[in-house]
file model-v3.cif (mmCIF, C-alpha atoms and all ligand atoms)
data_input
#
loop_
_atom_site.label_atom_id
_atom_site.label_comp_id
_atom_site.auth_asym_id
_atom_site.auth_seq_id
_atom_site.Cartn_x
_atom_site.Cartn_y
_atom_site.Cartn_z
CA MET A 1 -3.05 -15.51 -4.95
CA SER A 2 -4.97 -14.75 -1.79
CA GLU A 3 -8.12 -16.74 -1.04
CA PRO A 4 -11.39 -15.70 -2.71
CA LEU A 5 -13.72 -13.44 -0.78
CA GLN A 6 -15.92 -15.44 1.58
CA VAL A 7 -19.10 -13.59 2.42
CA PRO A 8 -21.06 -15.07 5.38
CA GLU A 9 -24.86 -14.95 5.73
CA GLY A 10 -25.74 -12.23 8.23
CA LEU A 11 -24.55 -8.64 8.40
CA ARG A 12 -23.14 -9.03 11.91
CA GLU A 13 -21.18 -12.13 10.88
CA ARG A 14 -19.82 -10.35 7.83
CA LEU A 15 -18.89 -7.31 9.85
CA ASP A 16 -17.17 -9.46 12.50
CA GLN A 17 -15.15 -11.11 9.78
CA VAL A 18 -14.15 -7.74 8.32
CA ARG A 19 -13.17 -6.41 11.75
CA ARG A 20 -11.10 -9.52 12.53
CA LYS A 21 -9.31 -9.25 9.23
CA ILE A 22 -8.53 -5.57 9.79
CA GLN A 23 -7.25 -6.37 13.28
CA THR A 24 -5.05 -9.24 12.10
CA CYS A 25 -3.71 -7.34 9.16
CA ALA A 26 -3.03 -4.15 11.11
CA SER A 27 -1.15 -5.92 13.89
CA ARG A 28 0.84 -7.94 11.35
CA CYS A 29 2.23 -4.72 9.90
CA GLY A 30 2.62 -2.89 13.19
CA ARG A 31 -0.41 -0.64 12.86
CA LYS A 32 -3.38 0.02 15.13
CA ALA A 33 -6.82 -1.03 13.89
CA GLU A 34 -8.23 2.07 15.64
CA ASP A 35 -6.30 4.23 13.19
CA ILE A 36 -8.26 2.76 10.31
CA THR A 37 -11.78 4.01 9.54
CA VAL A 38 -14.26 1.76 7.79
CA VAL A 39 -16.62 3.51 5.43
CA ALA A 40 -19.42 1.02 4.80
CA VAL A 41 -20.38 1.46 1.14
CA SER A 42 -24.14 1.01 1.24
CA LYS A 43 -24.94 1.82 -2.41
CA THR A 44 -27.83 -0.30 -3.73
CA HIS A 45 -28.52 -1.72 -0.27
CA ARG A 46 -31.77 -1.06 1.51
CA VAL A 47 -32.38 1.29 4.39
CA ASP A 48 -33.04 -1.56 6.83
CA GLU A 49 -29.57 -2.95 6.08
CA VAL A 50 -28.06 0.44 6.80
CA ARG A 51 -29.98 0.63 10.07
CA LYS A 52 -28.71 -2.84 10.98
CA ALA A 53 -25.16 -1.68 10.28
CA ILE A 54 -25.66 1.38 12.49
CA GLY A 55 -26.95 -0.97 15.18
CA ALA A 56 -23.77 -3.02 14.82
CA GLY A 57 -21.69 0.08 15.55
CA LEU A 58 -20.89 1.47 12.11
CA PHE A 59 -21.08 5.23 11.75
CA ASP A 60 -19.53 6.02 8.35
CA PHE A 61 -21.44 5.21 5.16
CA GLY A 62 -20.51 5.63 1.51
CA GLU A 63 -22.87 6.28 -1.39
CA ASN A 64 -22.04 6.94 -5.03
CA ARG A 65 -25.24 8.26 -6.59
CA ILE A 66 -26.92 11.50 -5.59
CA GLN A 67 -30.46 10.37 -6.34
CA GLU A 68 -30.15 7.15 -4.35
CA ALA A 69 -28.37 8.95 -1.51
CA GLU A 70 -31.13 11.55 -1.31
CA GLU A 71 -33.77 8.90 -0.81
CA LYS A 72 -31.72 6.81 1.59
CA ILE A 73 -30.31 9.60 3.72
CA SER A 74 -33.69 11.25 4.17
CA GLU A 75 -35.03 7.92 5.48
CA VAL A 76 -32.08 6.90 7.65
CA GLY A 77 -31.39 10.41 8.89
CA ARG A 78 -28.78 12.97 7.96
CA ARG A 79 -27.26 13.13 11.43
CA VAL A 80 -27.39 9.53 12.65
CA ALA A 81 -24.40 8.66 10.49
CA ARG A 82 -21.51 10.32 8.68
CA TRP A 83 -22.15 10.24 4.95
CA HIS A 84 -19.34 9.97 2.41
CA LEU A 85 -19.69 10.58 -1.30
CA VAL A 86 -17.42 8.01 -2.96
CA GLY A 87 -18.63 8.31 -6.56
CA HIS A 88 -17.96 10.86 -9.26
CA LEU A 89 -19.62 14.22 -8.66
CA GLN A 90 -21.00 16.12 -11.63
CA ALA A 91 -20.82 19.87 -11.26
CA ASN A 92 -24.56 20.27 -11.70
CA LYS A 93 -25.19 18.01 -8.69
CA ALA A 94 -22.73 19.74 -6.36
CA SER A 95 -25.43 21.66 -4.53
CA ARG A 96 -27.47 18.53 -3.81
CA ALA A 97 -24.31 16.70 -2.73
CA LEU A 98 -23.45 19.43 -0.28
CA LYS A 99 -26.79 19.00 1.50
CA LEU A 100 -26.31 15.25 1.79
CA PHE A 101 -22.70 14.53 2.53
CA ASP A 102 -20.25 15.15 5.35
CA VAL A 103 -17.18 14.18 3.32
CA ILE A 104 -16.50 14.19 -0.43
CA HIS A 105 -13.93 11.59 -1.56
CA SER A 106 -14.10 12.37 -5.26
CA LEU A 107 -12.89 15.92 -5.74
CA ASP A 108 -11.13 15.82 -9.10
CA SER A 109 -11.12 19.24 -10.73
CA VAL A 110 -10.36 22.89 -10.02
CA ALA A 111 -13.79 23.88 -11.28
CA LEU A 112 -15.52 21.50 -8.87
CA ALA A 113 -13.38 22.73 -5.95
CA LYS A 114 -14.32 26.34 -6.67
CA ARG A 115 -17.96 25.46 -7.09
CA LEU A 116 -18.12 23.55 -3.81
CA ASN A 117 -16.37 26.38 -2.02
CA ARG A 118 -18.78 28.96 -3.42
CA LEU A 119 -21.76 26.82 -2.47
CA CYS A 120 -20.41 26.48 1.08
CA GLU A 121 -20.24 30.27 1.29
CA GLU A 122 -23.75 30.69 -0.07
CA GLU A 123 -25.20 28.05 2.22
CA ASP A 124 -23.27 29.09 5.30
CA ARG A 125 -21.41 25.85 5.62
CA SER A 126 -18.19 26.70 7.39
CA GLU A 127 -16.24 23.62 6.40
CA LEU A 128 -16.36 20.73 3.97
CA PRO A 129 -13.79 17.93 4.30
CA VAL A 130 -12.69 16.71 0.89
CA LEU A 131 -10.34 14.09 -0.48
CA ILE A 132 -8.81 14.40 -3.91
CA GLN A 133 -9.38 11.35 -6.09
CA VAL A 134 -6.21 10.52 -8.00
CA ASP A 135 -6.51 8.53 -11.21
CA LEU A 136 -3.30 6.49 -11.15
CA ALA A 137 -4.25 4.03 -13.87
CA ARG A 138 -5.16 6.74 -16.37
CA GLU A 139 -8.34 4.96 -17.31
CA GLN A 140 -10.50 7.11 -19.53
CA SER A 141 -13.70 5.77 -18.03
CA LYS A 142 -12.89 6.65 -14.45
CA SER A 143 -12.98 9.91 -12.63
CA GLY A 144 -10.07 11.33 -10.73
CA VAL A 145 -7.31 13.81 -11.44
CA ALA A 146 -4.21 12.66 -13.31
CA GLU A 147 -1.09 12.69 -11.21
CA ASP A 148 0.56 15.45 -13.25
CA ARG A 149 -2.46 17.74 -12.70
CA LEU A 150 -2.55 17.12 -8.97
CA PRO A 151 -0.26 20.00 -7.86
CA GLU A 152 -2.48 22.50 -9.67
CA LEU A 153 -5.59 21.10 -7.98
CA LEU A 154 -3.91 21.10 -4.57
CA GLU A 155 -3.04 24.77 -5.00
CA ALA A 156 -6.61 25.56 -5.98
CA VAL A 157 -7.97 23.77 -2.91
CA MET A 158 -5.61 25.82 -0.72
CA GLU A 159 -7.36 28.92 -2.06
CA CYS A 160 -10.77 27.54 -1.11
CA SER A 161 -11.21 28.62 2.48
CA ARG A 162 -14.24 26.44 3.18
CA LEU A 163 -12.68 23.23 1.87
CA GLN A 164 -10.56 21.19 4.25
CA LEU A 165 -8.19 18.91 2.44
CA ALA A 166 -8.41 15.66 4.39
CA GLY A 167 -6.38 13.42 2.10
CA LEU A 168 -6.24 11.44 -1.12
CA MET A 169 -8.41 8.69 -2.55
CA THR A 170 -7.88 6.21 -5.35
CA LEU A 171 -9.98 3.59 -7.10
CA PRO A 172 -7.60 1.26 -8.95
CA PRO A 173 -8.64 -1.06 -11.76
CA TYR A 174 -10.05 -4.42 -10.70
CA PHE A 175 -7.71 -7.40 -10.57
CA ASP A 176 -8.62 -10.88 -9.34
CA ASP A 177 -5.31 -11.00 -7.53
CA PRO A 178 -5.14 -8.06 -5.11
CA GLU A 179 -1.34 -8.16 -5.28
CA ASN A 180 -1.69 -6.47 -8.66
CA VAL A 181 -3.34 -3.50 -6.98
CA ARG A 182 -0.47 -2.99 -4.56
CA PRO A 183 1.59 -0.69 -6.84
CA PHE A 184 -1.37 1.74 -7.02
CA PHE A 185 -1.69 1.84 -3.24
CA THR A 186 2.05 2.27 -2.83
CA ARG A 187 2.04 5.14 -5.30
CA LEU A 188 -0.83 6.94 -3.58
CA ARG A 189 1.04 6.70 -0.27
CA GLU A 190 4.20 8.12 -1.85
CA ILE A 191 2.23 11.02 -3.33
CA ARG A 192 0.51 11.64 0.03
CA ASP A 193 3.89 11.63 1.81
CA SER A 194 5.40 14.11 -0.62
CA PHE A 195 2.58 16.62 -0.17
CA GLU A 196 2.22 15.95 3.55
CA VAL A 197 5.74 17.22 4.25
CA LYS A 198 4.84 20.38 2.35
CA GLY A 199 1.93 20.95 4.70
CA TYR A 200 -0.97 20.62 2.31
CA PHE A 201 -3.28 18.59 4.51
CA ASP A 202 -5.72 20.08 6.93
CA LYS A 203 -4.80 17.96 9.94
CA GLY A 204 -1.13 17.70 9.04
CA ARG A 205 -1.52 14.04 8.30
CA GLY A 206 -3.19 13.22 5.01
CA GLU A 207 -5.72 10.39 4.97
CA LEU A 208 -5.41 7.60 2.42
CA SER A 209 -8.82 6.40 1.24
CA MET A 210 -8.01 3.14 -0.53
CA GLY A 211 -8.91 -0.52 -0.29
CA MET A 212 -12.22 -2.26 -1.00
CA SER A 213 -13.72 -5.64 -0.10
CA HIS A 214 -11.27 -7.87 -1.89
CA ASP A 215 -8.08 -5.88 -1.44
CA PHE A 216 -8.31 -4.03 1.87
CA ASP A 217 -5.65 -6.21 3.48
CA VAL A 218 -3.15 -5.04 0.86
CA ALA A 219 -4.35 -1.46 1.33
CA ILE A 220 -3.76 -1.67 5.10
CA GLU A 221 -0.23 -2.91 4.47
CA GLU A 222 0.33 0.09 2.22
CA GLY A 223 -0.93 2.57 4.79
CA ALA A 224 -4.66 3.02 4.12
CA THR A 225 -6.40 5.04 6.84
CA ILE A 226 -9.88 4.84 5.31
CA LEU A 227 -11.23 1.61 3.80
CA ARG A 228 -14.32 1.76 1.57
CA ILE A 229 -15.98 -1.61 2.04
CA GLY A 230 -19.26 -2.63 0.42
CA THR A 231 -19.69 -6.29 -0.49
CA ALA A 232 -17.79 -7.74 2.48
CA ILE A 233 -20.21 -5.96 4.83
CA PHE A 234 -23.53 -5.84 2.95
CA GLY A 235 -23.20 -8.84 0.64
CA MET A 236 -23.38 -8.92 -3.13
CA ARG A 237 -24.89 -6.08 -5.14
CA THR A 238 -27.17 -6.45 -8.11
CA PRO A 239 -25.40 -5.59 -11.41
CA ARG A 240 -27.19 -2.28 -11.96
CA ALA A 241 -25.27 -1.05 -8.95
CA GLU A 242 -21.93 -1.09 -10.64
CA THR A 243 -22.02 2.27 -12.35
CA MET A 244 -19.74 4.79 -10.74
CA THR A 245 -21.58 7.93 -11.73
CA GLY A 246 -24.72 9.76 -10.87
C1 LIG B 301 -18.66 0.36 -4.66
C2 LIG B 301 -17.46 1.07 -4.22
C3 LIG B 301 -16.68 0.58 -3.17
C4 LIG B 301 -16.96 -0.72 -2.44
O1 LIG B 301 -16.71 -1.83 -3.25
P1 LIG B 301 -16.74 -3.32 -2.68
O2 LIG B 301 -15.89 -4.08 -3.63
O3 LIG B 301 -18.15 -3.76 -2.70
O4 LIG B 301 -16.18 -3.29 -1.32
C5 LIG B 301 -15.58 1.34 -2.78
N1 LIG B 301 -15.26 2.50 -3.40
C6 LIG B 301 -15.99 3.00 -4.40
C7 LIG B 301 -15.59 4.29 -5.02
C8 LIG B 301 -17.11 2.30 -4.85
O5 LIG B 301 -17.83 2.81 -5.87
#
call {"tool": "encode", "arguments": {"input": "model-v3.cif", "output": "structure tokens", "more": "lines below"}}
Ligand SMILES: *Cc1c(COP(=O)(O)O)cnc(C)c1O
result
Amino acid sequence: MSEPLQVPEGLRERLDQVRRKIQTCASRCGRKAEDITVVAVSKTHRVDEVRKAIGAGLFDFGENRIQEAEEKISEVGRRVARWHLVGHLQANKASRALKLFDVIHSLDSVALAKRLNRLCEEEDRSELPVLIQVDLAREQSKSGVAEDRLPELLEAVMECSRLQLAGLMTLPPYFDDPENVRPFFTRLREIRDSFEVKGYFDKGRGELSMGMSHDFDVAIEEGATILRIGTAIFGMRTPRAETMTG
């Protein structure tokens, strides 16, 4: 068992702790901390906290609900940060999402890929970086494409000229002991590697968006290039925050 998550008082202290842990963990496994992007998941947290985080040098922020993101992003500013959609995207909200987000981490169906591509054409957006969310645990409640449907979705994304396939994302089930999450991270890396050699990813190298507050050290060991960290940066969320949709 690794030690329980310690969350210090102030945002800067929490962020320092996160950065130290990334540094330590990356060097322990022969990686560079600079190769790892932190997406600060600001869902449920107030605009002044986001501004504080920007002041502390963070640039990438993750939100999971369109309505909340609309309010927050219009206040903080669309261009002062890079906004990542990390929650499930319903087809009927794709147009709103496109106006708000720089990167979509939760592409999980052919229909959604085609819709986003068509909206990009209509709205003159030349490129939209996307990650495909892979559902490795086959949990009915979660979004993501099943592994056996992934090749079909990859092919569809290749046909979408406005979508840039940046990489893969996964959201494993929660375990108290992060070691139990390791097999999911390992599997996502293996899948990424197998499609990377076939040239599916926009920049050649496919990003791995995996690892959250209590398991990002394990994710780094397994090759994560994007960590989605909420609690360890912003502190605890209120329970209403926990839904993954909207
Ligand atoms: C909320 C959320 C996170 C961040 O979770 P923490 O445990 O607070 O770090 C990461 N990814 C997704 C998809 C989320 O919804």
call {"tool": "closest_atom_pairs", "arguments": {"input": "model-v3.cif", "of": "region 30-127 of chain A", "to": "region 204-228 of chain A", "cutoff": "12 Å", "atoms": "all atoms listed in the file", "output": "CSV"}}
result
residue,atom,partner,partner_atom,distance
A:Gly30,CA,A:Glu221,CA,9.2
A:Arg31,CA,A:Ile220,CA,8.5
A:Lys32,CA,A:Thr225,CA,10.2
A:Ala33,CA,A:Thr225,CA,9.3
A:Glu34,CA,A:Thr225,CA,9.5
A:Asp35,CA,A:Thr225,CA,6.4
A:Ile36,CA,A:Thr225,CA,4.5
A:Thr37,CA,A:Ile226,CA,4.7
A:Val38,CA,A:Leu227,CA,5.0
A:Val39,CA,A:Arg228,CA,4.8
A:Ala40,CA,A:Arg228,CA,6.1
A:Val41,CA,A:Arg228,CA,6.1
A:Ser42,CA,A:Arg228,CA,9.9
A:Lys43,CA,A:Arg228,CA,11.3
A:Asp60,CA,A:Arg228,CA,9.6
A:Phe61,CA,A:Arg228,CA,8.7
A:Gly62,CA,A:Arg228,CA,7.3
A:Glu63,CA,A:Arg228,CA,10.1
A:Asn64,CA,A:Arg228,CA,11.4
A:His84,CA,A:Arg228,CA,9.7
A:Leu85,CA,A:Arg228,CA,10.7
A:Val86,CA,A:Arg228,CA,8.3
A:Gly87,CA,A:Arg228,CA,11.3
A:Val103,CA,A:Ser209,CA,11.6
A:Ile104,CA,A:Ser209,CA,11.1
A:His105,CA,A:Ser209,CA,7.8
A:Ser106,CA,A:Ser209,CA,10.3
call {"tool": "write_last_selection", "arguments": {"input": "model-v3.cif", "atoms": "C-alpha atoms", "output": "short mmCIF file (atom, residue, chain, number, x, y, z; two decimals), keeping the file's coordinate frame"}}
result
data_model
loop_
_atom_site.label_atom_id
_atom_site.label_comp_id
_atom_site.auth_asym_id
_atom_site.auth_seq_id
_atom_site.Cartn_x
_atom_site.Cartn_y
_atom_site.Cartn_z
CA GLY A 30 2.62 -2.89 13.19
CA ARG A 31 -0.41 -0.64 12.86
CA LYS A 32 -3.38 0.02 15.13
CA ALA A 33 -6.82 -1.03 13.89
CA GLU A 34 -8.23 2.07 15.64
CA ASP A 35 -6.30 4.23 13.19
CA ILE A 36 -8.26 2.76 10.31
CA THR A 37 -11.78 4.01 9.54
CA VAL A 38 -14.26 1.76 7.79
CA VAL A 39 -16.62 3.51 5.43
CA ALA A 40 -19.42 1.02 4.80
CA VAL A 41 -20.38 1.46 1.14
CA SER A 42 -24.14 1.01 1.24
CA LYS A 43 -24.94 1.82 -2.41
CA ASP A 60 -19.53 6.02 8.35
CA PHE A 61 -21.44 5.21 5.16
CA GLY A 62 -20.51 5.63 1.51
CA GLU A 63 -22.87 6.28 -1.39
CA ASN A 64 -22.04 6.94 -5.03
CA HIS A 84 -19.34 9.97 2.41
CA LEU A 85 -19.69 10.58 -1.30
CA VAL A 86 -17.42 8.01 -2.96
CA GLY A 87 -18.63 8.31 -6.56
CA VAL A 103 -17.18 14.18 3.32
CA ILE A 104 -16.50 14.19 -0.43
CA HIS A 105 -13.93 11.59 -1.56
CA SER A 106 -14.10 12.37 -5.26
#
call {"tool": "residues_around", "arguments": {"input": "model-v3.cif", "residues": "Asn92 (chain A)", "least_positions_apart": "4", "cutoff": "10 Å", "atoms": "all atoms listed in the file", "output": "VMD selection string"}}
result
chain A and resid 96 to 97 112 115
call {"tool": "write_last_selection", "arguments": {"input": "model-v3.cif", "atoms": "C-alpha atoms", "output": "mmCIF file, in the frame of the given file"}}
result
data_model
loop_
_atom_site.group_PDB
_atom_site.id
_atom_site.type_symbol
_atom_site.label_atom_id
_atom_site.label_comp_id
_atom_site.auth_asym_id
_atom_site.auth_seq_id
_atom_site.Cartn_x
_atom_site.Cartn_y
_atom_site.Cartn_z
ATOM 1 C CA ARG A 96 -27.470 18.530 -3.810
ATOM 2 C CA ALA A 97 -24.310 16.700 -2.730
ATOM 3 C CA LEU A 112 -15.520 21.500 -8.870
ATOM 4 C CA ARG A 115 -17.960 25.460 -7.090
#
call {"tool": "atom_distance", "arguments": {"input": "model-v3.cif", "atom1": "CA of Ile191 (chain A)", "atom2": "CA of Val134 (chain A)"}}
result
9.7 Å
call {"tool": "atom_distance", "arguments": {"input": "model-v3.cif", "atom1": "atom C5 of ligand LIG 301 (chain B)", "atom2": "CA of Gly230 (chain A)"}}
result
6.3 Å
call {"tool": "closest_residue", "arguments": {"input": "model-v3.cif", "among": "A:Lys99, A:Lys114, A:Arg12, A:His45", "to": "ligand LIG 301 (chain B)", "atoms": "only C-alpha atoms and all ligand atoms"}}
result
A:His45
call {"tool": "atom_distance", "arguments": {"input": "model-v3.cif", "atom1": "CA of Phe184 (chain A)", "atom2": "CA of Asp135 (chain A)"}}
result
9.5 Å
call {"tool": "build_atoms", "arguments": {"input": "model-v3.cif", "residues": "region 50-81 of chain A", "atoms": "N, CA and C atoms", "output": "short mmCIF file (atom, residue, chain, number, x, y, z; two decimals), keeping the file's coordinate frame"}}
result
data_model
loop_
_atom_site.label_atom_id
_atom_site.label_comp_id
_atom_site.auth_asym_id
_atom_site.auth_seq_id
_atom_site.Cartn_x
_atom_site.Cartn_y
_atom_site.Cartn_z
N VAL A 50 -28.86 -0.66 6.25
CA VAL A 50 -28.06 0.44 6.80
C VAL A 50 -28.35 0.60 8.29
N ARG A 51 -29.62 0.51 8.65
CA ARG A 51 -29.98 0.63 10.07
C ARG A 51 -29.34 -0.49 10.88
N LYS A 52 -29.35 -1.71 10.30
CA LYS A 52 -28.71 -2.84 10.98
C LYS A 52 -27.23 -2.54 11.21
N ALA A 53 -26.60 -1.98 10.18
CA ALA A 53 -25.16 -1.68 10.28
C ALA A 53 -24.90 -0.61 11.34
N ILE A 54 -25.80 0.36 11.43
CA ILE A 54 -25.66 1.38 12.49
C ILE A 54 -25.80 0.70 13.85
N GLY A 55 -26.76 -0.22 13.94
CA GLY A 55 -26.95 -0.97 15.18
C GLY A 55 -25.73 -1.80 15.56
N ALA A 56 -24.97 -2.21 14.56
CA ALA A 56 -23.77 -3.02 14.82
C ALA A 56 -22.55 -2.12 15.06
N GLY A 57 -22.77 -0.82 15.14
CA GLY A 57 -21.69 0.08 15.55
C GLY A 57 -21.01 0.83 14.43
N LEU A 58 -21.50 0.71 13.21
CA LEU A 58 -20.89 1.47 12.11
C LEU A 58 -21.46 2.89 12.10
N PHE A 59 -20.63 3.84 11.75
CA PHE A 59 -21.08 5.23 11.75
C PHE A 59 -20.85 5.91 10.40
N ASP A 60 -19.88 5.39 9.62
CA ASP A 60 -19.53 6.02 8.35
C ASP A 60 -20.09 5.20 7.19
N PHE A 61 -20.83 5.89 6.29
CA PHE A 61 -21.44 5.21 5.16
C PHE A 61 -21.09 5.90 3.85
N GLY A 62 -20.87 5.09 2.82
CA GLY A 62 -20.51 5.63 1.51
C GLY A 62 -21.60 5.37 0.49
N GLU A 63 -21.90 6.40 -0.30
CA GLU A 63 -22.87 6.28 -1.39
C GLU A 63 -22.21 6.85 -2.64
N ASN A 64 -22.68 6.42 -3.82
CA ASN A 64 -22.04 6.94 -5.03
C ASN A 64 -22.99 7.60 -6.01
N ARG A 65 -24.29 7.59 -5.70
CA ARG A 65 -25.24 8.26 -6.59
C ARG A 65 -26.08 9.24 -5.79
N ILE A 66 -26.22 10.44 -6.33
CA ILE A 66 -26.92 11.50 -5.59
C ILE A 66 -28.39 11.14 -5.37
N GLN A 67 -29.03 10.69 -6.44
CA GLN A 67 -30.46 10.37 -6.34
C GLN A 67 -30.73 9.32 -5.26
N GLU A 68 -29.97 8.23 -5.32
CA GLU A 68 -30.15 7.15 -4.35
C GLU A 68 -29.83 7.64 -2.93
N ALA A 69 -28.77 8.44 -2.83
CA ALA A 69 -28.37 8.95 -1.51
C ALA A 69 -29.45 9.84 -0.92
N GLU A 70 -30.07 10.66 -1.77
CA GLU A 70 -31.13 11.55 -1.31
C GLU A 70 -32.26 10.76 -0.64
N GLU A 71 -32.67 9.71 -1.34
CA GLU A 71 -33.77 8.90 -0.81
C GLU A 71 -33.35 8.20 0.48
N LYS A 72 -32.16 7.61 0.45
CA LYS A 72 -31.72 6.81 1.59
C LYS A 72 -31.42 7.67 2.81
N ILE A 73 -30.72 8.77 2.59
CA ILE A 73 -30.31 9.60 3.72
C ILE A 73 -31.51 10.27 4.38
N SER A 74 -32.52 10.63 3.56
CA SER A 74 -33.69 11.25 4.17
C SER A 74 -34.44 10.23 5.04
N GLU A 75 -34.37 8.95 4.67
CA GLU A 75 -35.03 7.92 5.48
C GLU A 75 -34.22 7.55 6.72
N VAL A 76 -32.92 7.33 6.52
CA VAL A 76 -32.08 6.90 7.65
C VAL A 76 -31.84 8.05 8.61
N GLY A 77 -31.67 9.24 8.05
CA GLY A 77 -31.39 10.41 8.89
C GLY A 77 -30.03 10.99 8.56
N ARG A 78 -30.01 12.28 8.35
CA ARG A 78 -28.78 12.97 7.96
C ARG A 78 -27.73 12.94 9.06
N ARG A 79 -28.19 12.97 10.31
CA ARG A 79 -27.26 13.13 11.43
C ARG A 79 -26.97 11.85 12.22
N VAL A 80 -27.65 10.75 11.88
CA VAL A 80 -27.39 9.53 12.65
C VAL A 80 -26.15 8.79 12.14
N ALA A 81 -25.60 9.28 11.05
CA ALA A 81 -24.40 8.66 10.49
C ALA A 81 -23.57 9.75 9.82
#
